[in-house]
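What follows is entry_8.cif (mmCIF, C-alpha atoms).
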data_coords
loop_
_atom_site.label_atom_id
_atom_site.label_comp_id
_atom_site.auth_asym_id
_atom_site.auth_seq_id
_atom_site.Cartn_x
_atom_site.Cartn_y
_atom_site.Cartn_z
CA TYR A 121 114.72 73.13 104.44
CA ILE A 122 117.59 75.65 104.74
CA ARG A 123 119.57 73.64 102.20
CA ALA A 124 116.57 73.49 99.84
CA ARG A 125 116.02 77.21 99.93
CA GLN A 126 119.68 77.84 99.10
CA GLY A 127 119.34 75.75 95.93
CA ALA A 128 120.12 77.41 92.62
CA CYS A 129 117.60 78.41 89.97
CA ARG A 130 117.94 76.17 86.94
CA HIS A 131 117.63 79.21 84.64
CA CYS A 132 119.87 81.92 86.10
CA GLY A 133 121.93 79.96 88.64
CA ARG A 134 121.21 82.44 91.45
CA GLY A 135 120.01 81.20 94.82
CA MET A 136 116.25 80.68 94.95
CA MET A 137 115.89 83.38 97.55
CA HIS A 138 117.34 85.95 95.13
CA CYS A 139 115.99 84.70 91.80
CA THR A 140 113.12 86.49 90.07
CA CYS A 141 113.19 84.53 86.78
CA VAL A 142 109.80 84.35 85.13
CA PRO A 143 109.07 81.20 83.12
CA GLU A 144 108.14 82.00 79.53
CA GLU A 145 104.53 80.80 79.83
CA LEU A 146 103.96 83.05 82.85
CA ALA A 147 105.55 86.04 81.11
CA ARG A 148 103.10 85.58 78.22
CA SER A 149 100.27 85.81 80.78
CA GLY A 150 101.43 89.23 81.98
CA ILE A 151 103.32 88.07 85.07
CA TYR A 152 106.52 90.06 85.36
CA ARG A 153 108.04 88.94 88.67
CA VAL A 154 108.20 85.67 90.54
CA ALA A 155 109.28 85.55 94.17
CA LYS A 156 110.65 82.12 95.00
CA VAL A 157 111.16 80.44 98.32
CA CYS A 158 112.76 77.15 97.29
CA PRO A 159 112.94 74.84 94.28
CA TYR A 160 110.11 72.40 93.70
CA TYR A 161 110.71 69.18 91.83
CA PRO A 162 107.68 66.88 92.23
CA GLU A 163 109.76 63.85 91.30
CA ARG A 164 111.77 64.36 94.53
CA LYS A 165 109.04 63.03 96.81
CA HIS A 166 111.24 62.87 99.93
CA SER A 167 112.87 66.29 99.65
CA PRO A 168 112.23 68.71 102.55
CA GLU A 169 110.40 71.21 100.33
CA THR A 170 108.06 68.53 98.92
CA LYS A 171 107.36 67.16 102.40
CA LEU A 172 106.55 70.67 103.62
CA LEU A 173 104.26 71.34 100.67
CA PHE A 174 102.33 68.10 101.20
CA ALA A 175 102.07 68.77 104.93
CA VAL A 176 100.34 72.05 104.07
CA LYS A 177 98.23 70.64 101.22
CA ARG A 178 97.06 67.39 102.77
CA LYS A 179 97.37 67.52 106.54
CA LYS A 180 96.33 71.08 107.41
CA LEU A 181 99.30 71.56 109.70
CA TYR A 182 98.92 75.16 110.84
CA HIS A 183 102.53 75.58 111.98
CA ALA A 184 103.76 74.42 108.55
CA GLU A 185 101.22 76.67 106.84
CA ARG A 186 102.28 79.72 108.86
CA PHE A 187 105.96 78.93 108.27
CA MET A 188 105.45 78.61 104.51
CA ALA A 189 103.35 81.78 104.31
CA ARG A 190 105.94 83.78 106.26
CA GLU A 191 108.67 82.52 103.93
CA MET A 192 106.52 83.54 100.96
CA ALA A 193 105.99 87.02 102.42
CA ALA A 194 109.73 87.35 103.06
CA ALA A 195 110.41 86.42 99.42
CA VAL A 196 108.04 89.17 98.29
CA ARG A 197 109.76 91.68 100.60
CA ARG A 198 113.10 90.84 98.96
CA MET A 199 111.78 91.94 95.57
CA PRO A 200 113.46 95.07 94.22
CA GLU A 201 110.25 97.10 94.18
CA SER A 202 107.66 97.87 96.82
CA CYS A 203 104.51 95.78 97.05
CA ASP A 204 102.52 98.70 98.47
CA GLY A 205 99.06 98.87 96.94
CA PHE A 206 99.08 95.29 95.70
CA VAL A 207 96.22 92.90 96.42
CA VAL A 208 96.96 89.31 97.45
CA THR A 209 95.04 86.45 95.86
CA TYR A 210 95.58 82.79 95.05
CA VAL A 211 94.95 80.05 92.52
CA PRO A 212 92.18 77.98 94.10
CA ARG A 213 92.22 74.26 94.67
CA ARG A 214 89.79 72.09 92.71
CA PRO A 215 86.39 71.76 94.39
CA GLU A 216 86.89 67.99 94.56
CA SER A 217 90.13 68.48 96.50
CA ILE A 218 88.50 70.95 98.87
CA ASN A 219 85.81 68.33 99.54
CA GLU A 220 88.46 65.64 100.06
CA TYR A 221 90.77 67.61 102.38
CA GLY A 222 88.24 70.05 103.86
CA TYR A 223 90.10 73.28 103.06
CA ASP A 224 92.00 75.22 100.40
CA HIS A 225 95.64 75.52 101.44
CA ALA A 226 96.35 78.21 98.82
CA LYS A 227 93.58 80.41 100.20
CA ASN A 228 94.88 79.95 103.74
CA LEU A 229 98.45 80.74 102.66
CA SER A 230 97.45 83.84 100.71
CA ARG A 231 95.43 85.23 103.64
CA ILE A 232 98.48 84.86 105.90
CA VAL A 233 100.77 86.38 103.25
CA ALA A 234 98.42 89.37 102.92
CA LYS A 235 98.41 89.86 106.69
CA GLU A 236 102.22 89.54 106.89
CA LEU A 237 102.64 92.15 104.14
CA GLY A 238 99.90 94.46 105.43
CA LEU A 239 97.97 94.10 102.17
CA THR A 240 94.38 93.38 101.21
CA PHE A 241 93.28 89.84 100.39
CA GLU A 242 90.77 89.28 97.56
CA ASP A 243 89.14 86.08 96.31
CA VAL A 244 89.63 86.61 92.54
CA PHE A 245 89.52 83.20 90.83
CA TYR A 246 87.46 80.03 90.97
CA ARG A 247 87.65 76.57 89.47
CA PRO A 248 84.45 75.19 87.99
CA GLU A 249 83.25 71.73 89.08
CA GLY A 250 84.94 69.02 87.03
CA ALA A 251 87.98 71.16 86.18
CA LYS A 252 90.84 68.94 85.03
CA GLU A 253 93.68 68.42 87.50
CA GLN A 254 97.05 70.06 86.87
CA LYS A 255 98.84 67.21 88.63
CA GLY A 256 100.78 65.02 86.22
CA LEU A 257 100.71 67.53 83.37
CA THR A 258 103.78 69.00 81.70
CA ARG A 259 104.41 72.76 81.93
CA LYS A 260 102.96 73.26 78.47
CA GLU A 261 99.90 71.12 79.27
CA ARG A 262 99.40 72.98 82.58
CA SER A 263 99.41 76.32 80.80
CA LYS A 264 96.85 75.14 78.25
CA ASN A 265 94.68 73.46 80.90
CA ALA A 266 94.69 76.54 83.17
CA SER A 267 93.00 78.72 80.54
CA GLY A 268 89.72 76.84 80.94
CA THR A 269 89.91 75.73 84.53
CA ILE A 270 90.93 78.85 86.44
CA LEU A 271 88.42 81.62 85.83
CA PRO A 272 87.84 85.11 87.28
CA ARG A 273 84.84 85.55 89.56
CA ASP A 274 82.00 87.62 88.09
CA ASN A 275 81.96 90.16 90.92
CA VAL A 276 85.69 91.01 90.71
CA SER A 277 87.12 93.94 88.79
CA ALA A 278 90.87 93.82 88.28
CA LYS A 279 90.96 97.21 86.56
CA GLY A 280 93.75 99.33 87.99
CA LYS A 281 94.85 96.62 90.44
CA ARG A 282 98.13 94.79 90.75
CA TYR A 283 98.16 91.33 92.28
CA ILE A 284 100.42 89.04 94.18
CA ILE A 285 99.22 85.54 93.31
CA CYS A 286 100.10 82.79 95.79
#

Structure rendered as structure tokens:
Amino acid sequence: YIRARQGACRHCGRGMMHCTCVPEELARSGIYRVAKVCPYYPERKHSPETKLLFAVKRKKLYHAERFMAREMAAAVRRMPESCDGFVVTYVPRRPESINEYGYDHAKNLSRIVAKELGLTFEDVFYRPEGAKEQKGLTRKERSKNASGTILPRDNVSAKGKRYIIC
């Protein structure tokens, strides 16, 4: 894992731990900073970072979940500006996946990240039943698909808030 986290960003060449590059499609959505822990290349199924991710997503390994969340919080702390006053949220798993695995790893991670950073956690988004999977889609297809499958909850007001999205 140490080697993976020292990998270079494919855009700026800086180490992942120090890169804040924002992919174009995220920048268009209003996201202005990205804190990275390590590179993720889904085609590298046996890489340490992919194994860790799947351990958290599919096996509910609490020690791996806590480790990943602490690394995420550390990446946020390395950002050049303070995260004071931010609210932590997440992009939820599809309801079908929650039924299959029994939990939402992103929700668990974001709760731990919020606690590590001393910030508030808020459940902002939901995925409607039958939402199309992101898995297997290209970046462009993921961006297009997300607009109809990740929606804000009715009872949430984002006015005046700034979010850290896990």

Handout entry: From A:Cys141, A:Leu237, A:Leu146, A:Ile151, residue lying nearest Arg259 in chain A [all atoms listed in the file]
Key =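 Smallest distance to Arg259 in chain A is found for A:Leu146.
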
With 4 Å added on each side, what axis-aligned box encloses every listed atom of range 236-250 of chain A? Give the centre and edge lengths in Å to one decimal, as JSON.
{"center_x": 92.9, "center_y": 81.7, "center_z": 97.0, "size_x": 27.4, "size_y": 33.4, "size_z": 27.9}

Practice task
Using the chain letters and numbering of this document, enumerate as an NGL selection string the residues selected by the PyMOL selection byres ((chain A and resi 243) around 8).
Solution key: :A and (209-210 or 241-242 or 244-245)

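What separates CA of Ala155 in chain A from CA of Ile285 in chain A is a distance of 10.1 Å.
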
Counting only C-alpha atoms, what is within 8 Å of Glu249 in chain A, bar same-chain residues fewer than 6 positions away, as a PDB file with C-alpha atoms, in the frame of the given file?
ATOM      1  CA  ARG A 214      89.790  72.090  92.710  1.00  0.00           C
ATOM      2  CA  PRO A 215      86.390  71.760  94.390  1.00  0.00           C
ATOM      3  CA  GLU A 216      86.890  67.990  94.560  1.00  0.00           C
TER       4      GLU A 216
END

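If you look at CA of Arg247 in chain A and CA of Lys260 in chain A, they are 19.1 Å away from each other.
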
Handout entry: Picked residues, the PyMOL selection byres ((chain A and resi 143) around 10), expected as number ranges by chain
Key = A: 131, 140-142, 144-148, 151-154, 259

Practice task
Please evaluate the PyMOL selection byres ((chain A and resi 281) around 12) against the displayed coordinates and give the resulting residues as a PyMOL selection string.
Solution key: chain A and resi 203-209+240+242+244+276-280+282-284

Handout entry: Surrounding residues of Lys255 in chain A excluding itself and chain neighbours under 5 positions, 12 Å, all atoms listed in the file, as a list in words
Key = Pro162, Glu163, Arg213, Arg214, Ser217, Glu261, Arg262, Asn265 and Ala266 of chain A

Exercise for the section: Return the single residue from A:Leu239, A:Ile232, A:Ser149, A:Arg134 that is closest to Lys264 in chain A, with distances computed using all atoms listed in the file. Expected result: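 With all atoms listed in the file as the atom set, the closest residue is A:Ser149.
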
Exercise for the section: Find the spatial neighbours of Pro248 in chain A, counting only C-alpha atoms, within a cut-off of 9 Å - ignore same-chain residues fewer than 3 positions away - and output them as a list in words. Expected result: Arg214, Pro215, Ala251, Gly268, Thr269, Ile270 and Leu271 of chain A

Handout entry: Nearest candidate to Asp274 in chain A (options A:Lys165, A:Met199, A:Tyr246, A:Gly256; using only C-alpha atoms)
Key = A:Tyr246

Practice task
Go ahead and compute the interatomic distance for CA of Met188 in chain A and CA of Leu229 in chain A, in Å to one decimal.
Solution key: 7.5 Å

Exercise for the section: Show me as a PyMOL selection string the residues that reach within 7 Å of (100.5, 82.5, 100.6), counting all atoms listed in the file and using the file's own coordinates. Expected result: chain A and resi 189+192+226+228-233+286
